[in-house]
Amino acid sequence: MRVGRLEVAANYALLAVFGLAVLGPIAIILITAVSPANFADAQAGWFHPENFATAWVEGRFGQYLAASISVSLTVVVISSVASVLAGYAFGTMRFKGSGVLFYVFLAGIMVPSEAIIIPLHYDLRTFGLTDTLWGVALPQIAQSIAFGTYWMRAYFRAAPRELIDAARIDGAGSWRTLWQVLLPLARPAITTMVVLTFMWTWNEFLIPLAMSPTGAYRTAPFGLALFQGQYTEGTALLAAGAVFVALPVVVVYAILQRHFIRGMLEGAVKG
């Protein structure tokens, strides 16, 4: 019994250390965001929530957040639908060239953006897509489909074969088997894919920078970098801007955390 109590105490101590390591930087950013922007503000008090309003107006984060939301929603919706369909095909069907085609999809995961960003910029410029929503979204859709196909293929391959066979015996075709039998069970896996895709798309910096050279379609991380160039010493306003950029990801994760964790655990077990 004594060993058990020591073990429990050690576990809680270890969790506390990791919790402080994770939550400590977040607390520092939040405290900095409401700190005085300069010495004159410090004389009026040490709590200044108006920093958020100042950063919002001067940093034009409303415009940047709107651009990030439109890009993220476009990427998440299109890539999720395509990934489910491709993962279902690779995971449950056997057709000629499926192995080679699947490795072509995997190339989208293995090839970094830095290796293709320059020729991709010239290709999209040829079609007149730079400085547009699609110019920023299409490269990220391609990358997200590569990961999503791999993720959903692993899930569909591990799905109970008895369910698929029973659905086909009852006369269900491939579409009906997918939408009515497998998709309801795949909710945790799809939620995990959606959260990861949204997070990666929201935090992407290089692709919006290269695909919108004139700055006509700047996303939130890009806008924060520009704001940092204007306020190299205004740490309070920079921290307030960082809160604006990080908040949507935190909200999405907080809403979907149960399905996200469940999907990650199921993926680890099946993998």
# chains A, B, ... in the order shown; residues from 1 in each chain; ligands from 1

call {"tool": "residues_around", "arguments": {"residues": "stretch 101-111 of chain A", "least_positions_apart": "4", "cutoff": "10 Å", "atoms": "only C-alpha atoms", "output": "ChimeraX atom specification"}}
result
/A:86-87,90,96-97,115-116,142-150,153

call {"tool": "select_by_dssp", "arguments": {"residues": "stretch 108-144 of chain A", "states": "alpha helix (DSSP H)", "output": "ChimeraX atom specification"}}
result
/A:108-110,113-126,133-144

call {"tool": "closest_residue", "arguments": {"among": "A:Val75, A:Ser174, A:Ala16, A:Ile28", "to": "A:Thr92", "atoms": "only C-alpha atoms"}}
result
A:Ser174

call {"tool": "atom_distance", "arguments": {"atom1": "atom CA of A:Asp165", "atom2": "atom CA of A:Thr177"}}
result
9.5 Å

call {"tool": "closest_residue", "arguments": {"among": "A:Ala239, A:Val195, A:Val8, A:Ala225", "to": "A:Thr54", "atoms": "only C-alpha atoms"}}
result
A:Ala239

call {"tool": "residues_around", "arguments": {"residues": "A:Tyr217", "least_positions_apart": "2", "cutoff": "7 Å", "atoms": "only C-alpha atoms", "output": "ChimeraX atom specification"}}
result
/A:67,131-132,212,215,219

call {"tool": "atom_distance", "arguments": {"atom1": "atom CA of A:Arg161", "atom2": "atom CA of A:Arg258"}}
result
26.2 Å

call {"tool": "residues_around", "arguments": {"residues": "A:Phe156", "least_positions_apart": "5", "cutoff": "10 Å", "atoms": "only C-alpha atoms", "output": "number ranges by chain"}}
result
A: 84, 87-92, 151, 161, 178, 182-183, 186, 189

call {"tool": "atom_distance", "arguments": {"atom1": "atom CA of A:Gln257", "atom2": "atom CA of A:Leu224"}}
result
26.3 Å

call {"tool": "residues_around", "arguments": {"residues": "A:Ser72", "least_positions_apart": "4", "cutoff": "7 Å", "atoms": "only C-alpha atoms", "output": "number ranges by chain"}}
result
A: 68, 76, 198, 201-202
